[in-house]
Structure formats: C-alpha cells, structure tokens
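File shown here: data17.cif, holding mmCIF, C-alpha atoms.
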```
data_query
loop_
_atom_site.label_atom_id
_atom_site.label_comp_id
_atom_site.auth_asym_id
_atom_site.auth_seq_id
_atom_site.Cartn_x
_atom_site.Cartn_y
_atom_site.Cartn_z
CA MET A 184 -16.66 -288.57 -19.62
CA LYS A 185 -13.93 -289.25 -17.07
CA ILE A 186 -12.56 -292.80 -17.10
CA LEU A 187 -10.17 -294.25 -14.53
CA PHE A 188 -8.53 -297.37 -15.96
CA ILE A 189 -6.80 -299.67 -13.45
CA THR A 190 -4.57 -302.57 -14.51
CA ASP A 191 -1.02 -303.87 -14.28
CA LEU A 192 -1.24 -305.15 -17.89
CA TYR A 193 -0.28 -301.81 -19.37
CA PRO A 194 2.98 -300.54 -20.88
CA VAL A 195 4.68 -297.62 -19.19
CA ASN A 196 7.03 -297.27 -22.17
CA TRP A 197 6.04 -297.99 -25.76
CA ASP A 198 8.98 -300.32 -26.43
CA GLU A 199 8.10 -302.93 -23.77
CA LYS A 200 8.27 -306.26 -25.61
CA THR A 201 6.76 -308.32 -22.78
CA THR A 202 3.66 -306.17 -22.15
CA PRO A 203 0.73 -306.53 -24.60
CA LYS A 204 -0.76 -303.28 -25.90
CA THR A 205 -4.32 -304.56 -26.19
CA LEU A 206 -5.62 -302.60 -23.19
CA LEU A 207 -3.63 -299.55 -24.27
CA SER A 208 -5.63 -299.71 -27.52
CA PHE A 209 -8.92 -299.28 -25.62
CA VAL A 210 -7.56 -296.23 -23.79
CA GLN A 211 -6.28 -294.65 -27.01
CA GLU A 212 -9.62 -295.10 -28.75
CA TRP A 213 -11.56 -293.65 -25.81
CA GLU A 214 -9.26 -290.63 -25.79
CA LYS A 215 -9.89 -290.15 -29.54
CA GLN A 216 -13.61 -290.08 -28.73
CA GLY A 217 -13.01 -287.17 -26.36
CA HIS A 218 -13.05 -289.03 -23.04
CA SER A 219 -10.50 -288.10 -20.37
CA VAL A 220 -8.63 -291.23 -19.27
CA ASP A 221 -6.22 -291.67 -16.35
CA VAL A 222 -4.42 -294.98 -15.85
CA ILE A 223 -3.34 -296.49 -12.54
CA LYS A 224 -0.90 -299.37 -12.75
CA PRO A 225 -0.96 -301.06 -9.33
CA ASN A 226 2.16 -303.18 -9.18
CA PHE A 227 2.49 -305.97 -6.64
CA ILE A 228 6.32 -306.05 -6.72
CA PHE A 229 6.79 -309.77 -6.06
CA ASN A 230 4.36 -310.68 -8.84
CA SER A 231 6.10 -308.29 -11.21
CA PHE A 232 9.48 -310.00 -10.73
CA LEU A 233 7.85 -313.44 -10.89
CA ARG A 234 6.39 -312.65 -14.31
CA GLY A 235 9.57 -311.05 -15.60
CA LYS A 236 7.97 -307.65 -16.16
CA PRO A 237 10.01 -304.42 -16.38
CA PHE A 238 10.23 -302.58 -13.05
CA TYR A 239 9.46 -298.87 -12.65
CA LYS A 240 9.65 -296.70 -9.57
CA THR A 241 6.43 -295.37 -8.11
CA GLY A 242 5.55 -292.21 -10.00
CA GLN A 243 3.71 -290.56 -12.87
CA TYR A 244 4.67 -291.58 -16.42
CA GLY A 245 2.56 -289.54 -18.84
CA ASN A 246 -1.05 -290.48 -18.07
CA VAL A 247 0.07 -293.65 -16.24
CA LEU A 248 0.50 -293.60 -12.45
CA ASN A 249 2.67 -296.59 -11.50
CA ILE A 250 2.31 -297.51 -7.80
CA ASN A 251 4.41 -300.25 -6.23
CA TYR A 252 3.15 -302.35 -3.31
CA TRP A 253 5.02 -304.97 -1.30
CA THR A 254 1.78 -306.59 -0.14
CA PRO A 255 -1.06 -307.63 -2.51
CA PHE A 256 -3.32 -304.67 -1.66
CA TRP A 257 -4.23 -305.63 1.90
CA LEU A 258 -3.88 -302.14 3.36
CA ASP A 259 -5.40 -298.78 2.41
CA VAL A 260 -4.53 -298.44 -1.28
CA LYS A 261 -5.80 -294.86 -1.53
CA ARG A 262 -3.14 -293.33 0.72
CA LYS A 263 -0.57 -293.36 -2.10
CA TRP A 264 -2.63 -291.36 -4.56
CA PRO A 265 -5.01 -288.96 -2.76
CA ALA A 266 -4.53 -286.19 -5.33
CA LEU A 267 -5.69 -288.32 -8.26
CA LEU A 268 -8.65 -289.65 -6.30
CA SER A 269 -9.78 -286.17 -5.27
CA SER A 270 -9.60 -284.95 -8.88
CA CYS A 271 -12.03 -287.62 -10.12
CA PRO A 272 -15.64 -286.39 -10.36
CA PRO A 273 -18.35 -288.51 -8.71
CA ASP A 274 -19.54 -289.92 -12.06
CA THR A 275 -16.07 -291.22 -13.03
CA LEU A 276 -16.28 -294.60 -14.78
CA ILE A 277 -13.78 -296.96 -13.10
CA ILE A 278 -12.69 -299.95 -15.20
CA ALA A 279 -10.28 -302.49 -13.68
CA HIS A 280 -8.58 -305.34 -15.54
CA MET A 281 -6.60 -308.36 -14.39
CA PRO A 282 -6.70 -309.77 -10.80
CA SER A 283 -4.49 -307.05 -9.33
CA GLY A 284 -6.53 -304.29 -10.95
CA ILE A 285 -9.82 -305.80 -9.80
CA LEU A 286 -8.61 -306.38 -6.22
CA PHE A 287 -7.23 -302.83 -6.14
CA ALA A 288 -10.51 -301.33 -7.43
CA ASP A 289 -12.53 -303.28 -4.89
CA LYS A 290 -10.51 -301.64 -2.09
CA LEU A 291 -11.62 -298.19 -3.22
CA GLY A 292 -15.21 -298.69 -2.13
CA LEU A 293 -16.42 -297.08 -5.38
CA PRO A 294 -18.55 -298.53 -8.24
CA PHE A 295 -16.37 -300.25 -10.85
CA VAL A 296 -16.38 -302.54 -13.88
CA ALA A 297 -14.22 -305.68 -13.74
CA GLY A 298 -12.34 -306.86 -16.85
CA VAL A 299 -11.77 -310.63 -16.63
CA HIS A 300 -8.81 -312.36 -18.30
CA ASN A 301 -7.56 -315.93 -18.30
CA SER A 302 -5.47 -315.17 -15.20
CA ASP A 303 -8.67 -314.39 -13.29
CA LEU A 304 -10.06 -317.82 -14.20
CA GLU A 305 -6.79 -319.34 -13.01
CA ILE A 306 -7.26 -317.80 -9.56
CA LEU A 307 -10.92 -318.88 -9.46
CA THR A 308 -10.16 -322.52 -10.34
CA ASN A 309 -6.57 -323.39 -9.35
CA PRO A 310 -6.34 -325.05 -5.90
CA LEU A 311 -3.21 -322.99 -5.15
CA TYR A 312 -5.41 -319.91 -4.70
CA LYS A 313 -8.20 -321.62 -2.76
CA PHE A 314 -7.57 -320.20 0.71
CA HIS A 315 -7.05 -316.52 0.03
CA PHE A 316 -6.99 -314.90 -3.40
CA ARG A 317 -9.98 -316.84 -4.74
CA LYS A 318 -12.23 -315.53 -1.95
CA ARG A 319 -11.00 -311.98 -2.43
CA LEU A 320 -11.46 -312.09 -6.19
CA LYS A 321 -14.92 -313.66 -5.91
CA LYS A 322 -15.93 -310.91 -3.47
CA ALA A 323 -14.63 -308.26 -5.85
CA LEU A 324 -16.57 -309.74 -8.77
CA ASP A 325 -19.69 -309.82 -6.59
CA ASN A 326 -19.19 -306.11 -5.94
CA ALA A 327 -18.49 -305.18 -9.57
CA LYS A 328 -21.35 -303.38 -11.31
CA ALA A 329 -20.50 -305.08 -14.61
CA ILE A 330 -18.05 -307.75 -15.78
CA ALA A 331 -16.25 -307.48 -19.13
CA CYS A 332 -14.90 -310.85 -20.30
CA ARG A 333 -12.06 -310.61 -22.78
CA SER A 334 -13.33 -313.43 -25.01
CA PHE A 335 -16.44 -315.50 -25.67
CA VAL A 336 -14.68 -318.52 -24.17
CA ILE A 337 -13.80 -316.69 -20.94
CA ARG A 338 -17.40 -315.51 -20.57
CA ASP A 339 -18.70 -319.07 -21.01
CA LYS A 340 -16.22 -320.43 -18.48
CA LEU A 341 -16.96 -317.70 -15.94
CA LEU A 342 -20.73 -318.23 -16.17
CA LYS A 343 -20.30 -321.97 -15.70
CA LEU A 344 -18.58 -321.16 -12.42
CA TYR A 345 -20.95 -318.37 -11.38
CA PRO A 346 -24.19 -318.33 -13.40
CA GLU A 347 -25.50 -315.60 -11.09
CA TYR A 348 -23.32 -313.11 -13.03
CA GLU A 349 -25.32 -313.60 -16.25
CA HIS A 350 -27.19 -310.28 -15.90
CA LYS A 351 -24.06 -308.14 -15.62
CA THR A 352 -21.58 -309.95 -17.87
CA PHE A 353 -20.62 -309.16 -21.48
CA THR A 354 -17.81 -309.90 -23.92
CA ALA A 355 -15.17 -307.24 -24.61
CA PRO A 356 -12.72 -308.45 -27.28
CA SER A 357 -9.95 -306.31 -28.69
CA GLY A 358 -9.80 -305.00 -32.24
CA ILE A 359 -7.16 -304.18 -34.83
CA ASN A 360 -6.28 -300.91 -36.50
CA GLU A 361 -8.49 -300.96 -39.59
CA GLU A 362 -5.73 -299.27 -41.61
CA ILE A 363 -3.73 -302.52 -41.68
CA ILE A 364 -6.50 -304.59 -43.33
CA ASN A 365 -5.18 -305.92 -46.62
CA GLN A 366 -7.56 -307.59 -49.07
CA ASN A 367 -5.07 -307.96 -51.93
CA VAL A 368 -4.30 -311.59 -51.18
CA HIS A 369 -2.33 -313.85 -53.47
CA THR A 370 -3.62 -317.10 -54.94
CA LEU A 371 -2.82 -320.25 -53.00
CA ASN A 372 0.07 -322.16 -54.62
CA ARG A 373 -0.77 -325.74 -53.70
CA ASP A 374 2.75 -326.89 -54.55
CA ASN A 375 4.33 -324.51 -52.03
CA ILE A 376 1.93 -323.52 -49.26
CA LYS A 377 3.54 -321.07 -46.88
CA VAL A 378 2.67 -321.68 -43.22
CA LEU A 379 3.47 -319.14 -40.51
CA THR A 380 3.40 -319.16 -36.72
CA CYS A 381 4.40 -316.38 -34.34
CA ALA A 382 4.74 -316.31 -30.55
CA ASN A 383 7.01 -316.06 -27.56
CA PHE A 384 8.45 -319.54 -27.21
CA LYS A 385 6.54 -320.76 -24.18
CA LYS A 386 5.39 -324.34 -23.76
CA ARG A 387 1.69 -323.41 -23.78
CA LYS A 388 2.05 -321.88 -27.25
CA ASN A 389 2.56 -325.40 -28.68
CA ILE A 390 4.96 -324.32 -31.41
CA ASP A 391 6.45 -327.81 -31.28
CA LYS A 392 3.08 -329.25 -32.35
CA VAL A 393 3.08 -327.00 -35.43
CA ILE A 394 6.61 -328.06 -36.38
CA GLU A 395 5.78 -331.74 -35.91
CA ALA A 396 2.62 -331.36 -38.00
CA CYS A 397 4.53 -329.79 -40.91
CA LYS A 398 7.55 -332.09 -40.72
CA GLY A 399 7.86 -334.14 -43.88
CA LEU A 400 4.61 -332.72 -45.27
CA GLU A 401 5.14 -332.32 -49.00
CA GLY A 402 4.26 -328.94 -50.45
CA PHE A 403 4.38 -327.02 -47.16
CA GLU A 404 6.98 -324.49 -46.00
CA LEU A 405 6.97 -323.40 -42.33
CA THR A 406 8.33 -320.12 -40.93
CA VAL A 407 8.48 -319.50 -37.18
CA ILE A 408 8.65 -315.95 -35.77
CA GLY A 409 9.63 -315.44 -32.15
CA GLU A 410 12.22 -315.96 -29.44
CA GLY A 411 12.50 -317.69 -26.08
CA LYS A 412 14.22 -320.35 -24.04
CA GLU A 413 12.51 -323.09 -26.06
CA ARG A 414 14.21 -322.10 -29.32
CA LYS A 415 17.08 -324.61 -29.29
CA ARG A 416 14.71 -327.48 -28.54
CA LEU A 417 12.31 -326.37 -31.28
CA GLU A 418 15.08 -326.04 -33.86
CA LYS A 419 16.08 -329.67 -33.29
CA ILE A 420 12.64 -330.99 -34.27
CA ASP A 421 13.00 -330.12 -37.97
CA LYS A 422 16.07 -328.57 -39.58
CA ASN A 423 14.01 -327.41 -42.59
CA VAL A 424 11.99 -324.88 -40.58
CA LYS A 425 12.96 -321.23 -40.97
CA PHE A 426 13.34 -319.36 -37.65
CA THR A 427 13.41 -315.58 -38.04
CA GLY A 428 13.90 -314.59 -34.41
CA TRP A 429 12.06 -311.56 -33.04
CA LEU A 430 10.61 -309.18 -35.67
CA SER A 431 8.99 -305.77 -35.40
CA HIS A 432 5.22 -305.48 -35.73
CA ASP A 433 5.46 -304.18 -39.30
CA GLU A 434 7.81 -307.02 -40.23
CA VAL A 435 5.39 -309.57 -38.77
CA LEU A 436 2.53 -308.12 -40.83
CA ALA A 437 4.71 -308.30 -43.96
CA LYS A 438 5.42 -311.99 -43.27
CA MET A 439 1.70 -312.59 -42.83
CA ARG A 440 0.99 -311.03 -46.23
CA GLU A 441 3.51 -313.41 -47.79
CA SER A 442 1.96 -316.45 -46.09
CA ASP A 443 -1.07 -318.61 -46.89
CA ILE A 444 -1.82 -320.10 -43.48
CA PHE A 445 -1.30 -318.80 -39.97
CA ILE A 446 -1.54 -321.21 -37.06
CA LEU A 447 -1.05 -320.87 -33.32
CA PRO A 448 -2.53 -323.76 -31.28
CA SER A 449 -1.81 -322.15 -27.92
CA VAL A 450 -3.78 -322.84 -24.75
CA ALA A 451 -4.74 -320.65 -21.77
CA GLU A 452 -4.91 -317.68 -24.14
CA THR A 453 -6.94 -314.70 -22.98
CA PHE A 454 -7.66 -313.51 -26.50
CA GLY A 455 -4.88 -313.45 -29.09
CA MET A 456 -4.59 -310.32 -31.24
CA VAL A 457 -2.19 -312.15 -33.54
CA TYR A 458 -5.09 -314.19 -34.96
CA LEU A 459 -7.01 -311.05 -35.95
CA GLU A 460 -3.86 -309.59 -37.47
CA ALA A 461 -3.28 -312.75 -39.50
CA MET A 462 -6.88 -312.68 -40.74
CA SER A 463 -6.49 -309.02 -41.67
CA GLN A 464 -3.51 -309.87 -43.90
CA GLY A 465 -5.36 -312.60 -45.81
CA CYS A 466 -4.05 -315.67 -43.97
CA ILE A 467 -6.26 -318.70 -43.55
CA THR A 468 -6.12 -318.68 -39.75
CA ILE A 469 -6.12 -321.64 -37.36
CA GLY A 470 -6.69 -321.28 -33.61
CA THR A 471 -7.40 -323.60 -30.70
CA ILE A 472 -10.77 -325.10 -29.89
CA ASN A 473 -12.31 -323.66 -26.70
CA ASP A 474 -9.59 -321.06 -26.28
CA GLY A 475 -9.14 -317.31 -26.76
CA ILE A 476 -10.11 -316.79 -30.42
CA ASP A 477 -12.85 -319.44 -30.46
CA GLY A 478 -16.14 -317.64 -31.02
CA ILE A 479 -14.63 -315.14 -33.43
CA ILE A 480 -13.18 -317.88 -35.61
CA GLN A 481 -16.03 -320.18 -36.58
CA ASN A 482 -14.62 -323.57 -37.57
CA LYS A 483 -14.62 -324.12 -41.36
CA GLU A 484 -16.54 -320.88 -41.96
CA ASN A 485 -13.97 -318.07 -41.57
CA GLY A 486 -11.00 -320.13 -40.38
CA PHE A 487 -10.29 -323.34 -38.52
CA LEU A 488 -10.16 -324.51 -34.92
CA THR A 489 -8.00 -327.42 -33.80
CA LEU A 490 -6.97 -329.40 -30.79
CA PRO A 491 -3.30 -328.71 -29.92
CA ILE A 492 -2.28 -332.11 -31.29
CA SER A 493 0.14 -332.60 -34.19
CA ASN A 494 -1.99 -335.12 -36.09
CA GLU A 495 -5.07 -332.92 -35.84
CA ILE A 496 -3.14 -329.91 -37.13
CA ARG A 497 -1.76 -331.97 -40.01
CA LYS A 498 -5.27 -333.05 -41.02
CA ILE A 499 -6.40 -329.41 -41.22
CA LEU A 500 -3.37 -328.42 -43.30
CA LEU A 501 -4.06 -331.23 -45.78
CA ASN A 502 -7.73 -330.30 -45.82
CA ILE A 503 -6.85 -326.73 -46.79
CA LYS A 504 -4.55 -327.97 -49.55
CA ASN A 505 -7.35 -330.09 -51.01
CA MET A 506 -10.10 -327.43 -50.81
CA ASP A 507 -11.55 -326.31 -54.14
CA ASP A 508 -11.06 -322.71 -55.25
CA ASP A 509 -14.65 -321.64 -54.55
CA SER A 510 -14.52 -322.95 -50.99
CA LEU A 511 -11.24 -321.12 -50.37
CA LYS A 512 -12.67 -317.87 -51.76
CA THR A 513 -15.73 -318.19 -49.54
CA LEU A 514 -13.64 -318.86 -46.44
CA ARG A 515 -11.37 -315.90 -47.13
CA TYR A 516 -14.38 -313.66 -47.86
CA ASN A 517 -15.95 -314.67 -44.55
CA SER A 518 -12.66 -314.00 -42.80
CA PHE A 519 -12.51 -310.43 -44.12
CA GLN A 520 -16.17 -309.82 -43.26
CA THR A 521 -15.38 -310.93 -39.71
CA ILE A 522 -12.33 -308.75 -39.33
CA LYS A 523 -14.26 -305.65 -40.39
CA LYS A 524 -16.39 -306.09 -37.25
CA TYR A 525 -13.33 -306.19 -34.99
CA THR A 526 -11.56 -302.89 -35.49
CA SER A 527 -10.15 -301.15 -32.43
CA LYS A 528 -12.65 -298.28 -32.81
CA GLN A 529 -15.67 -300.58 -33.02
CA CYS A 530 -14.52 -302.72 -30.09
CA ALA A 531 -13.85 -299.66 -27.89
CA ASP A 532 -17.27 -298.21 -28.78
CA GLU A 533 -19.00 -301.50 -28.03
CA TYR A 534 -17.16 -301.84 -24.70
CA LEU A 535 -18.64 -298.58 -23.38
CA GLN A 536 -22.08 -299.24 -24.88
CA GLN A 537 -22.28 -302.62 -23.11
CA ILE A 538 -21.39 -300.94 -19.82
CA PHE A 539 -24.07 -298.28 -20.30
CA LYS A 540 -26.70 -300.95 -21.06
CA ILE A 541 -25.94 -302.73 -17.80
CA LEU A 542 -25.56 -299.65 -15.62
#
```
Whole structure given in structure tokens:
Amino acid sequence: MKILFITDLYPVNWDEKTTPKTLLSFVQEWEKQGHSVDVIKPNFIFNSFLRGKPFYKTGQYGNVLNINYWTPFWLDVKRKWPALLSSCPPDTLIIAHMPSGILFADKLGLPFVAGVHNSDLEILTNPLYKFHFRKRLKKALDNAKAIACRSFVIRDKLLKLYPEYEHKTFTAPSGINEEIINQNVHTLNRDNIKVLTCANFKKRKNIDKVIEACKGLEGFELTVIGEGKERKRLEKIDKNVKFTGWLSHDEVLAKMRESDIFILPSVAETFGMVYLEAMSQGCITIGTINDGIDGIIQNKENGFLTLPISNEIRKILLNIKNMDDDSLKTLRYNSFQTIKKYTSKQCADEYLQQIFKIL
C-alpha cells in the first residue's frame, strides 16, 4: 500500500534533539511491513522559528520532502510538489498529523486521516485562535475520513468538544522497541529508593515539583536527567539532587534500569514515550492524572497517577516505600504485561487496522 504521511513533527536528520521520533517510528514500522511511505514536512517558517526547530531549505531529504511556506497554507499548496502528487496512485492512504499537517492535507482536496495531538486541542480551545485557525482546523477535522487521537485523554477531550466525531475517532498511541524490554529488575531497597525524572527543563514538565517532593525525604535519592533554561533555578531548590545534564537514549535507559521509581508530572503532554520506556526498564512509573499517559497507566494497578503538586507526589512516594512485597510484585507484573501490548510494531499495526475499520 502507498502511504503519504504529512506532518511537521518529523526529523529530517536523525540527530535532531528537539524533534520527537514517535511519528518516525510509525513510518519505520509500516515500511518494515512492506508499505511504501513518502513523507511531506510542510513547514510554516514563522512557526518553525517560534518553536526553536532546526531550519532546512525546501528540498528532498531521503524520503522526506521538506517544503517551506511563508504563509500558513492559504494558497495552493500543491504547486510546490506536483511530481510527488502525480506519482501517488488513487488509493494512496494520506495520514496527516499536527495542525499544520492537517491544514495542509485539507487543502489537497483528497481523502485523508487526521492525527490529533495536544497542539490541536490548544487551537480548538485557546481564545487566541478563535477567529481564524480554529475555524480552519474544525473544517479540516469535519472533512477528515478518520481521526487518530494520540492518547486516550486527547480522544476524550476531543469528543467532549465535538461528540459528532465519535463514529470516526480512535486512539493511536505510540509503542516502544520490544528489544529494550528488561524484566530483570532489582529488589527495592527501602533504605535507599532511587527516584528518576527526565525531561527538557520546561515549566510545564514540573520538575520543580518532583524536587520539592523529594527534598528532605529520608531514604530517597533523586536523579534528574535533562537540560534547559530552568536548570539553574532547579538546582537551587535542593543541593542534594544529582543533575546529569543531557544523556543519550541508551544512557537514559541504563539510568532507568538502575532506578526504582520514574516520575514526570508534566501537563499538556500529547503522549509521553518516556513513561513507556521507564515501565519497560522495571521502574514503578508515575504520570499525571488526565494527561498523556493516563489510560495506559491505571492508577495503583500498573503504576501511579498524580496531580502535579509536591505534597501529592510525596504521598505517592511514601506509599510506594510502605507497600508490601506482594503488592509491589503485582504492580510490576501488571506494568510489564501492559508494556508488552505497546510495542512499536503492535501500535503501528493497530493504527492501520483502526483506519481500515472506519473506512
């Protein structure tokens, strides 16, 4: 099958630190299954600079066609890539993610599937977008043949806004490489519980809440992985916290294997692959209530969900410390059973199957 994947949330080069590779994972899995996939990266230049993304000239980069636009896709978007359009057979499956990808796809006048992220919800609900982009995005979602929501929470929020989409909406979470799953976990040392968090240091990640929760907590050792403008402020909260700076993906996984608990109480998260990775390495994993990973993590069954409040986080940490061995074994067992359902291959398969059911 021919698939045309349209999104600006896609790395042109493998070493891009600021571009998540979650959508790349879908494309790679579909290619392994024998599908032919072309990628269009429609880049609204102003938005690219605003978000601090790397800039590339218009052109072909492997299977990625990067196309720069000064205006947010008001004019004829097809004039810049007639050759690629003409090479697509009539039954090409067009999948578009993120607001720019969805708006771009809607301009083609062809059937497409819309992949909805947290940024789409922002446009649909934030008053700043009321007079223009919201109407355009709503029209595009009306025209989409199916809508793939990147988490259970995003699907719930979208259907509260537009319940009429119920018949064509499904959840399309990402998955991890099953080769990294590690079930050889160490026993919890209640006298020295190792807590880990990992993120770009942005305010919405709430790393400060984790540090405050662990500060002065006897028997807990906190390590923070990441970098960002917030680092100096975060380091001042507690001098006993270990900051590693930025680490490679393999190094992060190694730190997870050494740790007992992983926590990231971030908000406005589309999904959060880091939670699945932590679960795959044997960490007792804590996410945020009613945010990206909620729905995969079931509170107190295969992990924990918290409000992004220091006192609430502290209560959960103490609760874990006081859990009996059988309860801990059950929770970790449930966590591994969950992660086996969310491999990149299974999630990519399910994505296409859900589309076929609707179409």
Using all atoms listed in the file: which of A:Glu199, A:Ile420, A:His218, A:Leu206 has the shortest distance to Phe238 (chain A) =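 Of A:Glu199, A:Ile420, A:His218, A:Leu206, the one nearest Phe238 (chain A), counting all atoms listed in the file, is A:Glu199.
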Run through the PyMOL selection byres ((chain A and resi 479-486) around 12) on the given coordinates and return the selected residues as a ChimeraX atom specification.
-> /A:333-336,354-358,443-446,454-456,458-459,461-463,465-478,487-490,499-500,502-503,506,510-525
Take the residues from that selection and write them out as a CSV table (one decimal), in the frame of the given file, keeping C-alpha atoms.
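Final output, saved to out-v4.csv:
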```csv
chain,number,residue,atom,x,y,z
A,333,ARG,CA,-12.1,-310.6,-22.8
A,334,SER,CA,-13.3,-313.4,-25.0
A,335,PHE,CA,-16.4,-315.5,-25.7
A,336,VAL,CA,-14.7,-318.5,-24.2
A,354,THR,CA,-17.8,-309.9,-23.9
A,355,ALA,CA,-15.2,-307.2,-24.6
A,356,PRO,CA,-12.7,-308.4,-27.3
A,357,SER,CA,-10.0,-306.3,-28.7
A,358,GLY,CA,-9.8,-305.0,-32.2
A,443,ASP,CA,-1.1,-318.6,-46.9
A,444,ILE,CA,-1.8,-320.1,-43.5
A,445,PHE,CA,-1.3,-318.8,-40.0
A,446,ILE,CA,-1.5,-321.2,-37.1
A,454,PHE,CA,-7.7,-313.5,-26.5
A,455,GLY,CA,-4.9,-313.4,-29.1
A,456,MET,CA,-4.6,-310.3,-31.2
A,458,TYR,CA,-5.1,-314.2,-35.0
A,459,LEU,CA,-7.0,-311.0,-36.0
A,461,ALA,CA,-3.3,-312.8,-39.5
A,462,MET,CA,-6.9,-312.7,-40.7
A,463,SER,CA,-6.5,-309.0,-41.7
A,465,GLY,CA,-5.4,-312.6,-45.8
A,466,CYS,CA,-4.0,-315.7,-44.0
A,467,ILE,CA,-6.3,-318.7,-43.6
A,468,THR,CA,-6.1,-318.7,-39.8
A,469,ILE,CA,-6.1,-321.6,-37.4
A,470,GLY,CA,-6.7,-321.3,-33.6
A,471,THR,CA,-7.4,-323.6,-30.7
A,472,ILE,CA,-10.8,-325.1,-29.9
A,473,ASN,CA,-12.3,-323.7,-26.7
A,474,ASP,CA,-9.6,-321.1,-26.3
A,475,GLY,CA,-9.1,-317.3,-26.8
A,476,ILE,CA,-10.1,-316.8,-30.4
A,477,ASP,CA,-12.8,-319.4,-30.5
A,478,GLY,CA,-16.1,-317.6,-31.0
A,487,PHE,CA,-10.3,-323.3,-38.5
A,488,LEU,CA,-10.2,-324.5,-34.9
A,489,THR,CA,-8.0,-327.4,-33.8
A,490,LEU,CA,-7.0,-329.4,-30.8
A,499,ILE,CA,-6.4,-329.4,-41.2
A,500,LEU,CA,-3.4,-328.4,-43.3
A,502,ASN,CA,-7.7,-330.3,-45.8
A,503,ILE,CA,-6.8,-326.7,-46.8
A,506,MET,CA,-10.1,-327.4,-50.8
A,510,SER,CA,-14.5,-323.0,-51.0
A,511,LEU,CA,-11.2,-321.1,-50.4
A,512,LYS,CA,-12.7,-317.9,-51.8
A,513,THR,CA,-15.7,-318.2,-49.5
A,514,LEU,CA,-13.6,-318.9,-46.4
A,515,ARG,CA,-11.4,-315.9,-47.1
A,516,TYR,CA,-14.4,-313.7,-47.9
A,517,ASN,CA,-16.0,-314.7,-44.6
A,518,SER,CA,-12.7,-314.0,-42.8
A,519,PHE,CA,-12.5,-310.4,-44.1
A,520,GLN,CA,-16.2,-309.8,-43.3
A,521,THR,CA,-15.4,-310.9,-39.7
A,522,ILE,CA,-12.3,-308.8,-39.3
A,523,LYS,CA,-14.3,-305.6,-40.4
A,524,LYS,CA,-16.4,-306.1,-37.2
A,525,TYR,CA,-13.3,-306.2,-35.0
```
Got a sec: who's within 12 Å of Lys343 (chain A), counting all atoms listed in the file, leaving out chain neighbours fewer than 5 positions off, as JSON, numbers by chain?
-> {"A": [304, 307, 308, 336, 337, 338, 348, 349]}
Judged by only C-alpha atoms, the minimum distance to Pro237 (chain A) among A:Asp221, A:Glu410, A:Glu214, A:Asp198 is found for A:Asp198
What is the CA of Val247 (chain A) to CA of Pro194 (chain A) distance in Å?
->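 It comes out at 8.8 Å.
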Output check: residues returned by the PyMOL selection byres ((chain A and resi 242) around 12), as a list of chain:residue names =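 Evaluating the PyMOL selection byres ((chain A and resi 242) around 12) on these coordinates yields A:Val195, A:Val222, A:Ile223, A:Lys224, A:Pro225, A:Asn226, A:Phe238, A:Tyr239, A:Lys240, A:Thr241, A:Gln243, A:Tyr244, A:Gly245, A:Asn246, A:Val247, A:Leu248, A:Asn249, A:Ile250, A:Asn251, A:Lys263, A:Trp264.
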With the cut-off set at 12 Å and counting all atoms listed in the file, tabulate each residue of region 319-425 of chain A with an atom at most that distance from an atom of region 290-293 of chain A, showing the nearest atom pair and its distance in Å to one decimal, ordered by chain and increasing number, as CSV.
```
residue,atom,partner,partner_atom,distance
A:Arg319,CA,A:Lys290,CA,10.4
A:Leu320,CA,A:Lys290,CA,11.3
A:Lys322,CA,A:Lys290,CA,10.8
A:Ala323,CA,A:Lys290,CA,8.7
A:Asn326,CA,A:Gly292,CA,9.2
A:Ala327,CA,A:Leu293,CA,9.4
A:Lys328,CA,A:Leu293,CA,10.0
```
Compare A:Ala331, A:Leu447, A:Ile364, A:Ile306 by their minimum atom-to-atom distance to His350 (chain A), counting all atoms listed in the file, and give me the closest one.
->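 When distances to His350 (chain A) are compared using all atoms listed in the file, the smallest one comes from A:Ala331.
With CA of Ser493 (chain A) on one side and CA of Ile394 (chain A) on the other, the separation reads 8.2 Å.
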